file protein.cif (mmCIF, C-alpha atoms and all ligand atoms)
data_target
loop_
_atom_site.group_PDB
_atom_site.id
_atom_site.type_symbol
_atom_site.label_atom_id
_atom_site.label_comp_id
_atom_site.auth_asym_id
_atom_site.auth_seq_id
_atom_site.Cartn_x
_atom_site.Cartn_y
_atom_site.Cartn_z
ATOM 1 C CA MET W 1101 143.287 77.937 62.318
ATOM 2 C CA ARG W 1102 145.366 76.362 59.590
ATOM 3 C CA ILE W 1103 144.196 73.528 57.320
ATOM 4 C CA ALA W 1104 147.078 71.034 57.332
ATOM 5 C CA SER W 1105 145.474 68.221 55.317
ATOM 6 C CA VAL W 1106 142.227 67.286 53.587
ATOM 7 C CA GLY W 1107 140.777 63.852 52.854
ATOM 8 C CA LEU W 1108 138.064 62.887 50.367
ATOM 9 C CA SER W 1109 135.947 59.723 50.509
ATOM 10 C CA LEU W 1110 133.302 58.440 48.104
ATOM 11 C CA LEU W 1111 130.413 56.548 49.720
ATOM 12 C CA ARG W 1112 127.488 54.647 48.263
ATOM 13 C CA LEU W 1113 124.619 54.070 50.677
ATOM 14 C CA PRO W 1114 121.402 52.176 49.934
ATOM 15 C CA LEU W 1115 118.195 53.989 50.881
ATOM 16 C CA VAL W 1116 115.847 52.305 53.351
ATOM 17 C CA ARG W 1117 113.159 52.631 50.693
ATOM 18 C CA PRO W 1118 113.167 54.111 47.167
ATOM 19 C CA PHE W 1119 112.605 57.879 46.952
ATOM 20 C CA GLU W 1120 110.745 59.147 43.888
ATOM 21 C CA THR W 1121 110.478 62.773 42.769
ATOM 22 C CA SER W 1122 109.322 64.421 39.551
ATOM 23 C CA PHE W 1123 112.805 63.857 38.095
ATOM 24 C CA GLY W 1124 113.354 60.213 38.962
ATOM 25 C CA ARG W 1125 113.460 57.333 41.390
ATOM 26 C CA MET W 1126 116.446 56.808 43.667
ATOM 27 C CA THR W 1127 117.326 53.576 45.434
ATOM 28 C CA GLY W 1128 120.733 54.609 46.761
ATOM 29 C CA ARG W 1129 122.803 57.658 47.531
ATOM 30 C CA GLU W 1130 126.332 58.344 46.318
ATOM 31 C CA LEU W 1131 128.079 61.113 48.215
ATOM 32 C CA ILE W 1132 131.469 62.583 49.031
ATOM 33 C CA LEU W 1133 132.711 63.108 52.575
ATOM 34 C CA VAL W 1134 135.410 65.679 53.262
ATOM 35 C CA ASP W 1135 137.648 65.603 56.340
ATOM 36 C CA VAL W 1136 139.851 68.590 57.138
ATOM 37 C CA HIS W 1137 142.636 68.488 59.709
ATOM 38 C CA ASP W 1138 144.639 71.107 61.536
ATOM 39 C CA ALA W 1139 148.253 70.602 62.572
ATOM 40 C CA ASP W 1140 147.223 69.657 66.132
ATOM 41 C CA GLY W 1141 145.120 66.668 65.117
ATOM 42 C CA ALA W 1142 141.654 68.233 65.228
ATOM 43 C CA VAL W 1143 139.364 67.099 62.425
ATOM 44 C CA GLY W 1144 136.185 68.525 60.895
ATOM 45 C CA TRP W 1145 133.790 66.767 58.560
ATOM 46 C CA GLY W 1146 131.717 67.942 55.611
ATOM 47 C CA GLU W 1147 129.412 66.219 53.154
ATOM 48 C CA CYS W 1148 128.928 67.067 49.494
ATOM 49 C CA VAL W 1149 125.232 66.880 48.569
ATOM 50 C CA ALA W 1150 125.829 66.472 44.834
ATOM 51 C CA ASP W 1151 124.338 63.227 43.582
ATOM 52 C CA ALA W 1152 125.747 60.738 41.073
ATOM 53 C CA ASP W 1153 123.409 62.120 38.371
ATOM 54 C CA PRO W 1154 122.761 65.718 37.252
ATOM 55 C CA PHE W 1155 118.983 65.659 37.814
ATOM 56 C CA TYR W 1156 118.494 67.836 40.900
ATOM 57 C CA SER W 1157 121.444 70.063 40.016
ATOM 58 C CA ALA W 1158 124.137 70.303 37.354
ATOM 59 C CA GLU W 1159 126.784 69.141 39.823
ATOM 60 C CA THR W 1160 127.532 65.464 40.330
ATOM 61 C CA THR W 1161 129.829 63.514 42.605
ATOM 62 C CA THR W 1162 132.250 63.245 39.670
ATOM 63 C CA THR W 1163 132.384 66.991 39.021
ATOM 64 C CA ALA W 1164 132.566 67.753 42.746
ATOM 65 C CA TRP W 1165 135.463 65.345 43.280
ATOM 66 C CA HIS W 1166 137.306 66.918 40.354
ATOM 67 C CA MET W 1167 136.711 70.456 41.614
ATOM 68 C CA LEU W 1168 137.696 69.601 45.168
ATOM 69 C CA GLU W 1169 140.842 67.730 44.211
ATOM 70 C CA LYS W 1170 142.123 69.998 41.464
ATOM 71 C CA TYR W 1171 140.913 73.479 42.429
ATOM 72 C CA LEU W 1172 139.360 73.919 45.870
ATOM 73 C CA VAL W 1173 141.514 71.916 48.283
ATOM 74 C CA PRO W 1174 144.801 73.346 46.891
ATOM 75 C CA GLN W 1175 143.470 76.848 47.578
ATOM 76 C CA ILE W 1176 143.148 76.262 51.324
ATOM 77 C CA LEU W 1177 145.944 73.817 52.163
ATOM 78 C CA GLY W 1178 148.354 75.505 54.567
ATOM 79 C CA ARG W 1179 146.197 78.633 54.629
ATOM 80 C CA GLU W 1180 145.803 80.430 57.954
ATOM 81 C CA VAL W 1181 142.277 81.705 58.531
ATOM 82 C CA GLY W 1182 140.737 83.375 61.547
ATOM 83 C CA SER W 1183 137.423 81.646 60.965
ATOM 84 C CA ALA W 1184 135.805 79.175 58.589
ATOM 85 C CA SER W 1185 133.709 82.089 57.345
ATOM 86 C CA GLU W 1186 136.855 83.271 55.528
ATOM 87 C CA LEU W 1187 137.310 80.055 53.550
ATOM 88 C CA PRO W 1188 135.094 81.080 50.586
ATOM 89 C CA ASP W 1189 137.472 84.013 50.032
ATOM 90 C CA ALA W 1190 140.011 81.425 48.861
ATOM 91 C CA TRP W 1191 137.937 80.458 45.822
ATOM 92 C CA THR W 1192 136.254 83.651 44.672
ATOM 93 C CA LYS W 1193 137.782 83.201 41.199
ATOM 94 C CA ILE W 1194 136.226 79.761 40.769
ATOM 95 C CA ARG W 1195 132.778 79.970 39.223
ATOM 96 C CA GLY W 1196 129.887 77.731 40.184
ATOM 97 C CA HIS W 1197 130.314 74.316 41.812
ATOM 98 C CA ASN W 1198 128.576 75.437 44.985
ATOM 99 C CA MET W 1199 128.086 71.905 46.312
ATOM 100 C CA ALA W 1200 131.801 71.122 46.103
ATOM 101 C CA LYS W 1201 132.623 74.450 47.757
ATOM 102 C CA ALA W 1202 130.025 73.898 50.481
ATOM 103 C CA ALA W 1203 131.397 70.486 51.435
ATOM 104 C CA LEU W 1204 134.846 71.936 52.062
ATOM 105 C CA GLU W 1205 133.608 75.120 53.724
ATOM 106 C CA MET W 1206 131.280 73.201 56.067
ATOM 107 C CA ALA W 1207 134.061 70.802 57.043
ATOM 108 C CA GLY W 1208 136.004 73.927 57.973
ATOM 109 C CA TRP W 1209 133.115 75.148 60.156
ATOM 110 C CA ASP W 1210 132.994 71.777 61.899
ATOM 111 C CA LEU W 1211 136.750 71.954 62.483
ATOM 112 C CA GLU W 1212 136.434 75.448 63.944
ATOM 113 C CA ALA W 1213 133.581 74.347 66.245
ATOM 114 C CA ARG W 1214 135.694 71.460 67.512
ATOM 115 C CA ILE W 1215 138.786 73.619 68.039
ATOM 116 C CA ARG W 1216 136.724 76.192 69.942
ATOM 117 C CA ASN W 1217 134.764 73.450 71.730
ATOM 118 C CA ARG W 1218 131.485 75.189 70.944
ATOM 119 C CA PRO W 1219 128.319 73.933 69.241
ATOM 120 C CA LEU W 1220 128.383 74.709 65.528
ATOM 121 C CA CYS W 1221 124.983 76.423 65.734
ATOM 122 C CA GLU W 1222 126.464 79.017 68.092
ATOM 123 C CA LEU W 1223 129.167 79.832 65.563
ATOM 124 C CA LEU W 1224 126.398 80.305 62.998
ATOM 125 C CA GLY W 1225 124.604 82.726 65.309
ATOM 126 C CA ALA W 1226 121.895 80.658 66.991
ATOM 127 C CA PRO W 1227 121.703 79.095 70.448
ATOM 128 C CA ALA W 1228 121.104 75.354 70.657
ATOM 129 C CA ARG W 1229 117.383 74.654 70.908
ATOM 130 C CA PRO W 1230 114.868 71.875 70.246
ATOM 131 C CA ILE W 1231 113.900 71.791 66.547
ATOM 132 C CA GLU W 1232 110.642 70.509 65.153
ATOM 133 C CA SER W 1233 111.197 68.145 62.262
ATOM 134 C CA GLY W 1234 109.221 67.581 59.115
ATOM 135 C CA VAL W 1235 109.541 64.815 56.580
ATOM 136 C CA SER W 1236 109.523 64.613 52.803
ATOM 137 C CA ILE W 1237 107.564 61.765 51.220
ATOM 138 C CA GLY W 1238 108.301 60.750 47.652
ATOM 139 C CA ILE W 1239 105.794 59.908 44.935
ATOM 140 C CA GLN W 1240 103.936 56.717 45.853
ATOM 141 C CA SER W 1241 102.296 53.975 43.794
ATOM 142 C CA SER W 1242 98.774 55.051 44.863
ATOM 143 C CA THR W 1243 96.997 57.568 47.083
ATOM 144 C CA GLY W 1244 96.263 54.705 49.485
ATOM 145 C CA ALA W 1245 99.974 53.974 49.812
ATOM 146 C CA LEU W 1246 100.604 57.686 50.333
ATOM 147 C CA VAL W 1247 98.028 57.958 53.130
ATOM 148 C CA ASP W 1248 99.624 54.930 54.804
ATOM 149 C CA ARG W 1249 103.059 56.589 54.600
ATOM 150 C CA VAL W 1250 101.755 59.843 56.034
ATOM 151 C CA ALA W 1251 100.136 57.945 58.925
ATOM 152 C CA GLU W 1252 103.419 56.142 59.554
ATOM 153 C CA GLU W 1253 105.467 59.357 59.586
ATOM 154 C CA ARG W 1254 103.002 61.167 61.831
ATOM 155 C CA ALA W 1255 103.076 58.248 64.241
ATOM 156 C CA ALA W 1256 106.883 58.574 64.228
ATOM 157 C CA GLY W 1257 106.458 62.190 65.391
ATOM 158 C CA TYR W 1258 106.993 64.276 62.268
ATOM 159 C CA ARG W 1259 104.954 67.474 62.436
ATOM 160 C CA ARG W 1260 105.090 68.802 58.902
ATOM 161 C CA ILE W 1261 104.440 66.663 55.866
ATOM 162 C CA LYS W 1262 105.894 67.482 52.468
ATOM 163 C CA ILE W 1263 104.981 65.419 49.447
ATOM 164 C CA LYS W 1264 106.589 65.395 46.044
ATOM 165 C CA ILE W 1265 104.267 66.188 43.167
ATOM 166 C CA LYS W 1266 104.423 66.117 39.374
ATOM 167 C CA PRO W 1267 101.873 66.470 36.563
ATOM 168 C CA GLY W 1268 99.372 63.656 37.108
ATOM 169 C CA TRP W 1269 100.248 63.324 40.823
ATOM 170 C CA ASP W 1270 99.173 66.541 42.512
ATOM 171 C CA LEU W 1271 95.498 67.346 43.224
ATOM 172 C CA GLU W 1272 94.425 63.802 44.037
ATOM 173 C CA PRO W 1273 97.168 62.992 46.581
ATOM 174 C CA VAL W 1274 96.749 66.381 48.286
ATOM 175 C CA ALA W 1275 92.979 65.833 48.521
ATOM 176 C CA ALA W 1276 93.529 62.346 49.933
ATOM 177 C CA ILE W 1277 95.813 63.659 52.682
ATOM 178 C CA ARG W 1278 93.438 66.477 53.604
ATOM 179 C CA LYS W 1279 90.546 64.008 53.751
ATOM 180 C CA ALA W 1280 92.446 61.546 55.949
ATOM 181 C CA PHE W 1281 94.317 63.945 58.247
ATOM 182 C CA GLY W 1282 92.461 67.261 58.140
ATOM 183 C CA ASP W 1283 94.315 70.508 58.587
ATOM 184 C CA ILE W 1284 97.841 69.223 59.213
ATOM 185 C CA PRO W 1285 100.857 71.318 58.135
ATOM 186 C CA LEU W 1286 101.192 70.203 54.518
ATOM 187 C CA MET W 1287 103.290 71.355 51.589
ATOM 188 C CA VAL W 1288 104.172 70.121 48.122
ATOM 189 C CA ASP W 1289 107.397 70.128 46.101
ATOM 190 C CA ALA W 1290 107.362 69.931 42.301
ATOM 191 C CA ASN W 1291 111.138 70.002 41.690
ATOM 192 C CA ALA W 1292 110.580 72.158 38.594
ATOM 193 C CA ALA W 1293 108.103 69.776 36.931
ATOM 194 C CA TYR W 1294 105.586 72.373 35.668
ATOM 195 C CA THR W 1295 105.491 75.158 33.089
ATOM 196 C CA PRO W 1296 103.762 78.557 33.111
ATOM 197 C CA ASP W 1297 100.960 76.949 31.077
ATOM 198 C CA ASP W 1298 100.062 74.941 34.198
ATOM 199 C CA ALA W 1299 99.151 78.049 36.233
ATOM 200 C CA ALA W 1300 95.378 77.456 36.152
ATOM 201 C CA HIS W 1301 95.878 73.828 37.155
ATOM 202 C CA LEU W 1302 98.218 74.729 40.026
ATOM 203 C CA ALA W 1303 95.660 77.292 41.252
ATOM 204 C CA LYS W 1304 93.377 74.325 41.968
ATOM 205 C CA LEU W 1305 95.722 73.574 44.894
ATOM 206 C CA ASP W 1306 94.738 76.863 46.563
ATOM 207 C CA PRO W 1307 91.609 75.537 48.336
ATOM 208 C CA PHE W 1308 93.764 72.982 50.165
ATOM 209 C CA ASP W 1309 95.536 75.714 52.158
ATOM 210 C CA LEU W 1310 99.024 74.339 51.657
ATOM 211 C CA MET W 1311 101.935 75.924 53.511
ATOM 212 C CA MET W 1312 103.668 76.361 50.160
ATOM 213 C CA ILE W 1313 104.296 74.947 46.718
ATOM 214 C CA GLU W 1314 108.006 74.483 46.249
ATOM 215 C CA GLN W 1315 109.832 75.097 42.966
ATOM 216 C CA PRO W 1316 106.954 74.643 40.492
ATOM 217 C CA LEU W 1317 108.958 75.936 37.492
ATOM 218 C CA TRP W 1318 112.475 75.563 36.079
ATOM 219 C CA GLU W 1319 115.327 76.867 38.207
ATOM 220 C CA ASP W 1320 116.229 79.792 35.924
ATOM 221 C CA ASP W 1321 112.621 81.025 35.731
ATOM 222 C CA LEU W 1322 112.600 83.786 38.332
ATOM 223 C CA VAL W 1323 110.406 86.094 36.249
ATOM 224 C CA ARG W 1324 108.014 83.281 35.337
ATOM 225 C CA HIS W 1325 107.773 82.329 39.002
ATOM 226 C CA ALA W 1326 106.829 85.938 39.768
ATOM 227 C CA ARG W 1327 104.036 85.794 37.180
ATOM 228 C CA LEU W 1328 102.883 82.442 38.540
ATOM 229 C CA GLN W 1329 102.856 83.684 42.146
ATOM 230 C CA GLN W 1330 100.463 86.442 41.068
ATOM 231 C CA GLN W 1331 98.034 83.742 39.925
ATOM 232 C CA LEU W 1332 98.272 81.600 43.079
ATOM 233 C CA ARG W 1333 97.078 82.158 46.623
ATOM 234 C CA THR W 1334 99.401 79.362 47.792
ATOM 235 C CA PRO W 1335 102.844 80.815 48.619
ATOM 236 C CA VAL W 1336 105.562 79.824 46.172
ATOM 237 C CA CYS W 1337 108.785 78.653 47.830
ATOM 238 C CA LEU W 1338 111.966 78.575 45.772
ATOM 239 C CA ASP W 1339 114.553 75.830 46.225
ATOM 240 C CA GLU W 1340 116.632 75.018 43.140
ATOM 241 C CA SER W 1341 116.514 78.670 41.965
ATOM 242 C CA ILE W 1342 118.219 80.086 45.074
ATOM 243 C CA THR W 1343 121.923 79.662 44.381
ATOM 244 C CA SER W 1344 123.227 82.849 46.018
ATOM 245 C CA PRO W 1345 122.154 85.574 48.445
ATOM 246 C CA GLU W 1346 121.969 87.958 45.467
ATOM 247 C CA ILE W 1347 119.522 85.718 43.601
ATOM 248 C CA ALA W 1348 117.491 85.356 46.799
ATOM 249 C CA ALA W 1349 117.261 89.155 46.988
ATOM 250 C CA ASP W 1350 116.268 89.356 43.310
ATOM 251 C CA ALA W 1351 113.595 86.703 43.792
ATOM 252 C CA LEU W 1352 112.078 88.622 46.694
ATOM 253 C CA ASP W 1353 112.366 91.961 44.864
ATOM 254 C CA ILE W 1354 110.281 90.752 41.935
ATOM 255 C CA GLY W 1355 107.860 88.620 43.942
ATOM 256 C CA ALA W 1356 109.071 85.288 42.558
ATOM 257 C CA CYS W 1357 108.483 83.633 45.937
ATOM 258 C CA ARG W 1358 107.107 84.296 49.399
ATOM 259 C CA ILE W 1359 109.180 81.611 51.150
ATOM 260 C CA ILE W 1360 112.777 80.453 50.660
ATOM 261 C CA ASN W 1361 114.214 76.978 51.147
ATOM 262 C CA VAL W 1362 117.775 77.365 52.415
ATOM 263 C CA LYS W 1363 120.177 74.584 51.505
ATOM 264 C CA PRO W 1364 123.839 75.201 52.251
ATOM 265 C CA GLY W 1365 124.995 72.752 49.567
ATOM 266 C CA ARG W 1366 123.118 74.627 46.865
ATOM 267 C CA LEU W 1367 124.272 78.006 48.200
ATOM 268 C CA GLY W 1368 127.959 77.138 48.539
ATOM 269 C CA GLY W 1369 128.116 76.759 52.303
ATOM 270 C CA PHE W 1370 127.130 78.208 55.646
ATOM 271 C CA ARG W 1371 128.347 81.755 54.996
ATOM 272 C CA ALA W 1372 125.955 82.211 52.086
ATOM 273 C CA SER W 1373 123.188 80.368 53.960
ATOM 274 C CA VAL W 1374 123.448 82.712 56.937
ATOM 275 C CA ALA W 1375 123.407 85.659 54.525
ATOM 276 C CA VAL W 1376 120.144 84.380 53.017
ATOM 277 C CA HIS W 1377 118.759 83.874 56.506
ATOM 278 C CA ASP W 1378 119.647 87.455 57.455
ATOM 279 C CA LEU W 1379 118.112 88.769 54.238
ATOM 280 C CA ALA W 1380 114.874 86.872 54.800
ATOM 281 C CA GLN W 1381 114.683 87.960 58.405
ATOM 282 C CA ALA W 1382 115.229 91.608 57.460
ATOM 283 C CA ARG W 1383 112.367 91.387 54.965
ATOM 284 C CA GLY W 1384 110.035 89.355 57.144
ATOM 285 C CA VAL W 1385 110.146 86.399 54.754
ATOM 286 C CA PRO W 1386 109.758 82.893 56.215
ATOM 287 C CA LEU W 1387 112.363 80.359 55.299
ATOM 288 C CA TRP W 1388 112.950 76.769 56.020
ATOM 289 C CA HIS W 1389 115.665 74.258 55.510
ATOM 290 C CA GLY W 1390 115.216 71.272 53.223
ATOM 291 C CA GLY W 1391 117.252 68.090 53.176
ATOM 292 C CA MET W 1392 119.136 66.415 50.342
ATOM 293 C CA LEU W 1393 119.026 62.757 51.408
ATOM 294 C CA GLU W 1394 122.224 63.341 53.351
ATOM 295 C CA SER W 1395 124.014 60.859 55.560
ATOM 296 C CA GLY W 1396 124.235 61.552 59.281
ATOM 297 C CA ILE W 1397 127.109 64.000 58.772
ATOM 298 C CA GLY W 1398 125.148 66.226 56.404
ATOM 299 C CA ARG W 1399 122.081 66.011 58.596
ATOM 300 C CA ALA W 1400 124.044 67.058 61.655
ATOM 301 C CA HIS W 1401 125.111 70.169 59.722
ATOM 302 C CA ASN W 1402 121.487 70.743 58.730
ATOM 303 C CA LEU W 1403 120.348 70.588 62.328
ATOM 304 C CA HIS W 1404 122.828 73.232 63.410
ATOM 305 C CA LEU W 1405 121.745 75.558 60.613
ATOM 306 C CA SER W 1406 118.102 74.867 61.418
ATOM 307 C CA ALA W 1407 118.585 76.513 64.792
ATOM 308 C CA LEU W 1408 118.274 79.721 62.719
ATOM 309 C CA GLN W 1409 115.132 78.723 60.841
ATOM 310 C CA VAL W 1410 111.418 79.376 61.162
ATOM 311 C CA TYR W 1411 109.569 76.440 59.655
ATOM 312 C CA PRO W 1412 110.294 72.848 60.689
ATOM 313 C CA GLY W 1413 112.928 71.534 58.315
ATOM 314 C CA ALA W 1414 112.853 68.397 56.230
ATOM 315 C CA ARG W 1415 115.435 66.499 58.195
ATOM 316 C CA SER W 1416 114.508 63.096 59.416
ATOM 317 C CA ALA W 1417 116.302 60.349 61.268
ATOM 318 C CA THR W 1418 119.418 59.119 59.506
ATOM 319 C CA PRO W 1419 118.023 55.742 58.346
ATOM 320 C CA HIS W 1420 115.263 57.653 56.611
ATOM 321 C CA PRO W 1421 115.280 58.178 52.829
HETATM 322 MG MG MG U 1 112.836 70.968 46.946
#
call {"tool": "encode", "arguments": {"input": "protein.cif", "output": "structure tokens"}}
result
Amino acid sequence: MRIASVGLSLLRLPLVRPFETSFGRMTGRELILVDVHDADGAVGWGECVADADPFYSAETTTTAWHMLEKYLVPQILGREVGSASELPDAWTKIRGHNMAKAALEMAGWDLEARIRNRPLCELLGAPARPIESGVSIGIQSSTGALVDRVAEERAAGYRRIKIKIKPGWDLEPVAAIRKAFGDIPLMVDANAAYTPDDAAHLAKLDPFDLMMIEQPLWEDDLVRHARLQQQLRTPVCLDESITSPEIAADALDIGACRIINVKPGRLGGFRASVAVHDLAQARGVPLWHGGMLESGIGRAHNLHLSALQVYPGARSATPHP
């Protein structure tokens, strides 16, 4: 296929309800949509998961737009490729900016799926299948409000519950959920809010039999995560830290995590995501697929990738924060 033209759009969407994590409170979502066209009129869509602010990752919508417009799109315009999996070869000299790269690469995968008239998941290596969904619940104003939210999400059909935690909002909310709902599939995500000095405190989560604690320490702290994992019975899952298949391999080699959260935006696209999936499968490591407050386009991509996954992912219905 040949990419004949590329469009970029900047969207600002309000969230149904505010979403609070250890790094801040969001009331809306700014995102970039990418549309790629072949010469015959077929179009594929991609979504850039970078946010307006550099709090989850260093990339922002401003940096992604700049990288797409000035560096990435010019590398693929008019380029003939046999498959979207070849697109990342066009920007091997460009360092970083995985979210910008992923948006363009994933639009290319969507274009290829449409040209071939096949489900995207099949191109990624998985047959279409029903996928259990989980949901991520932000930090609430009280444990009572949290229990109400969990009840609401379970009534809506979500199987796995993930809650955001931070220092001062961890043991008590987890205990409240266990007390109200018993042994439901439950996990927590710290978004890098703790330090190695918090190891003894985080070990107090062990009796709650959580599926995992996600990204307790800073994203560069692979070695410190390995030391922390040795002090916890709860499996550590890495999210922000996993920016390439090579780093995923390093993290597993040194015991920095026992579970991996695969996000194609963070990894630079589907090719790298499938590589991480293959690595985890070869080593018997569970992985799952978290969301990034995407619009329906990004969530559709997530669903196709989730056909490869093990744990229920974090995707929820599109109106959901
Ligand atoms: Mg996370």
call {"tool": "closest_residue", "arguments": {"input": "protein.cif", "among": "W:Glu1340, W:Glu1252, W:Glu1180, W:Glu1120", "to": "Ala1139 in chain W", "atoms": "only C-alpha atoms"}}
result
W:Glu1180
call {"tool": "resolve_selection", "arguments": {"input": "protein.cif", "expression": "the PyMOL selection byres (((not hetatm)) within 10 of (chain U and resi 1))", "output": "PyMOL selection string"}}
result
chain W and resi 1121+1156+1236+1262-1264+1288-1292+1313-1316+1337-1341+1361-1363+1389-1392+1414
call {"tool": "closest_residue", "arguments": {"input": "protein.cif", "among": "W:Ala1207, W:Met1199, W:Leu1187, W:Ala1226", "to": "His1401 in chain W", "atoms": "only C-alpha atoms"}}
result
W:Ala1207
call {"tool": "closest_residue", "arguments": {"input": "protein.cif", "among": "W:Thr1334, W:Gln1409, W:Ser1241, W:Gln1175", "to": "Asp1378 in chain W", "atoms": "all atoms listed in the file"}}
result
W:Gln1409
call {"tool": "residues_around", "arguments": {"input": "protein.cif", "residues": "Trp1209 in chain W", "least_positions_apart": "3", "cutoff": "9 Å", "atoms": "all atoms listed in the file", "output": "PDB file with C-alpha atoms, in the frame of the given file"}}
result
ATOM      1  CA  GLY W1144     136.185  68.525  60.895  1.00  0.00           C
ATOM      2  CA  TRP W1145     133.790  66.767  58.560  1.00  0.00           C
ATOM      3  CA  GLY W1146     131.717  67.942  55.611  1.00  0.00           C
ATOM      4  CA  SER W1183     137.423  81.646  60.965  1.00  0.00           C
ATOM      5  CA  ALA W1184     135.805  79.175  58.589  1.00  0.00           C
ATOM      6  CA  SER W1185     133.709  82.089  57.345  1.00  0.00           C
ATOM      7  CA  LEU W1204     134.846  71.936  52.062  1.00  0.00           C
ATOM      8  CA  GLU W1205     133.608  75.120  53.724  1.00  0.00           C
ATOM      9  CA  MET W1206     131.280  73.201  56.067  1.00  0.00           C
ATOM     10  CA  GLU W1212     136.434  75.448  63.944  1.00  0.00           C
ATOM     11  CA  ALA W1213     133.581  74.347  66.245  1.00  0.00           C
ATOM     12  CA  ARG W1214     135.694  71.460  67.512  1.00  0.00           C
ATOM     13  CA  LEU W1220     128.383  74.709  65.528  1.00  0.00           C
ATOM     14  CA  LEU W1223     129.167  79.832  65.563  1.00  0.00           C
ATOM     15  CA  LEU W1224     126.398  80.305  62.998  1.00  0.00           C
ATOM     16  CA  PHE W1370     127.130  78.208  55.646  1.00  0.00           C
TER      17      PHE W1370
END
call {"tool": "closest_residue", "arguments": {"input": "protein.cif", "among": "W:Ala1203, W:Ile1194, W:Leu1172, W:Ala1293", "to": "Val1134 in chain W", "atoms": "only C-alpha atoms"}}
result
W:Ala1203
call {"tool": "resolve_selection", "arguments": {"input": "protein.cif", "expression": "the PyMOL selection byres (((chain W and resi 1402) around 9) and not hetatm)", "output": "PyMOL selection string"}}
result
chain W and resi 1363-1364+1389-1391+1397-1401+1403-1407+1413+1415
call {"tool": "resolve_selection", "arguments": {"input": "protein.cif", "expression": "the PyMOL selection byres (((chain W and resi 1161) around 6) and not hetatm)", "output": "PyMOL selection string"}}
result
chain W and resi 1150-1152+1160+1162-1165
call {"tool": "residues_around", "arguments": {"input": "protein.cif", "residues": "Pro1386 in chain W", "least_positions_apart": "3", "cutoff": "10 Å", "atoms": "all atoms listed in the file", "output": "mmCIF file with C-alpha atoms, in the coordinates of the input"}}
result
data_model
loop_
_atom_site.group_PDB
_atom_site.id
_atom_site.type_symbol
_atom_site.label_atom_id
_atom_site.label_comp_id
_atom_site.auth_asym_id
_atom_site.auth_seq_id
_atom_site.Cartn_x
_atom_site.Cartn_y
_atom_site.Cartn_z
ATOM 1 C CA CYS W 1337 108.785 78.653 47.830
ATOM 2 C CA ARG W 1358 107.107 84.296 49.399
ATOM 3 C CA ILE W 1359 109.180 81.611 51.150
ATOM 4 C CA ILE W 1360 112.777 80.453 50.660
ATOM 5 C CA ASN W 1361 114.214 76.978 51.147
ATOM 6 C CA HIS W 1377 118.759 83.874 56.506
ATOM 7 C CA ALA W 1380 114.874 86.872 54.800
ATOM 8 C CA GLN W 1381 114.683 87.960 58.405
ATOM 9 C CA ARG W 1383 112.367 91.387 54.965
ATOM 10 C CA GLN W 1409 115.132 78.723 60.841
ATOM 11 C CA VAL W 1410 111.418 79.376 61.162
ATOM 12 C CA TYR W 1411 109.569 76.440 59.655
#
call {"tool": "residues_around", "arguments": {"input": "protein.cif", "residues": "Ile1342 in chain W", "least_positions_apart": "4", "cutoff": "12 Å", "atoms": "all atoms listed in the file", "output": "PyMOL selection string"}}
result
chain W and resi 1157+1198+1314-1315+1318-1322+1337-1338+1346-1352+1356-1357+1359-1368+1372-1373+1376+1387
call {"tool": "closest_residue", "arguments": {"input": "protein.cif", "among": "W:His1325, W:Arg1333, W:Arg1102, W:Arg1125", "to": "Leu1211 in chain W", "atoms": "all atoms listed in the file"}}
result
W:Arg1102
call {"tool": "residues_near_point", "arguments": {"input": "protein.cif", "point": "(94.5, 71.1, 58.8)", "cutoff": "12 Å", "atoms": "all atoms listed in the file", "output": "list in words"}}
result
Arg1259, Arg1260, Ile1261, Val1274, Ala1275, Ile1277, Arg1278, Lys1279, Ala1280, Phe1281, Gly1282, Asp1283, Ile1284, Pro1285, Leu1286, Met1287, Pro1307, Phe1308, Asp1309, Leu1310 and Met1311 of chain W
call {"tool": "decode", "arguments": {"input": "protein.cif", "residues": "range 1121-1126 of chain W", "atoms": "N, CA, C and O atoms", "output": "CSV table (one decimal), in the first residue's frame"}}
result
chain,number,residue,atom,x,y,z
W,1121,THR,N,-5.9,11.0,39.3
W,1121,THR,CA,-4.9,10.0,39.5
W,1121,THR,C,-3.9,10.7,40.5
W,1121,THR,O,-4.1,11.8,41.0
W,1122,SER,N,-2.8,10.0,40.8
W,1122,SER,CA,-1.8,10.5,41.7
W,1122,SER,C,-1.1,11.8,41.1
W,1122,SER,O,-0.6,12.6,41.9
W,1123,PHE,N,-1.2,12.0,39.8
W,1123,PHE,CA,-0.6,13.2,39.3
W,1123,PHE,C,-1.5,14.3,38.9
W,1123,PHE,O,-1.1,15.3,38.4
W,1124,GLY,N,-2.8,14.1,39.1
W,1124,GLY,CA,-3.7,15.3,38.8
W,1124,GLY,C,-5.1,14.9,38.5
W,1124,GLY,O,-5.4,13.7,38.5
W,1125,ARG,N,-5.9,15.9,38.3
W,1125,ARG,CA,-7.3,15.7,38.1
W,1125,ARG,C,-7.7,16.2,36.7
W,1125,ARG,O,-7.4,17.4,36.4
W,1126,MET,N,-8.3,15.4,35.9
W,1126,MET,CA,-8.6,15.8,34.5
W,1126,MET,C,-10.1,15.9,34.4
W,1126,MET,O,-10.9,15.1,34.9
